[in-house]
Amino acid sequence: MGMKIECLVCLKETAIPKNLNTEKYDGQITCRECGSLLQVRLVKSKVEQCKLVMDGKTRFSPSQALEAANQARREGRFYLQDKT
Ligand SMILES: [Zn+2]
């Protein structure tokens with residue numbers, strides 16, 4: 001059975017690619033539903049960490065980037081982009 005991860009943006013589960021090593025993985029996964037980019041760390045088939053790298057909406061409409069970032073902050077989601 002394949003592993004799934006819940007997208008921080010659309011809250012839908014997206015499948016983790018089968019060829020990915022879920023015992024130890026630290027990298028990015030793209031949500032198949034909304035196109036958002038998630039930074040995930042998997043250890044022993046469990047999600048240790050999941051951060052939003054880029055909102056799918058942001059990718060398709062740069063003008064919504066700020067709004068999306070503010071929304072994420074309000075909801076307590078972590079934005080890597082805010083660091084810089
Ligand atoms: Zn999504």
# chains A, B, ... in the order shown; residues from 1 in each chain; ligands from 1

$ select_by_dssp --residues "segment 8-76 of chain A" --states "helix (DSSP H, G or I)" --output "PyMOL selection string"
chain A and resi 56-60+62-74

$ residues_near_ligand --ligand "ligand 1" --cutoff "12 Å" --atoms "only C-alpha atoms and all ligand atoms" --output "list of chain:residue names"
A:Ile5, A:Glu6, A:Cys7, A:Leu8, A:Val9, A:Cys10, A:Leu11, A:Lys12, A:Glu13, A:Thr14, A:Ala15, A:Ile29, A:Thr30, A:Cys31, A:Arg32, A:Glu33, A:Cys34, A:Gly35, A:Ser36, A:Leu37, A:Leu38, A:Leu52, A:Val53, A:Met54, A:Asp55, A:Gly56, A:Lys57

$ atom_distance --atom1 "atom CA of Pro17 of chain A" --atom2 "atom CA of Gly76 of chain A"
27.4 Å

$ select_by_dssp --residues "chain A" --states "strand (DSSP E or B)" --output "MDAnalysis selection string"
chainID A and resid 4:6 13:15 24:30 37:43 46:54 79
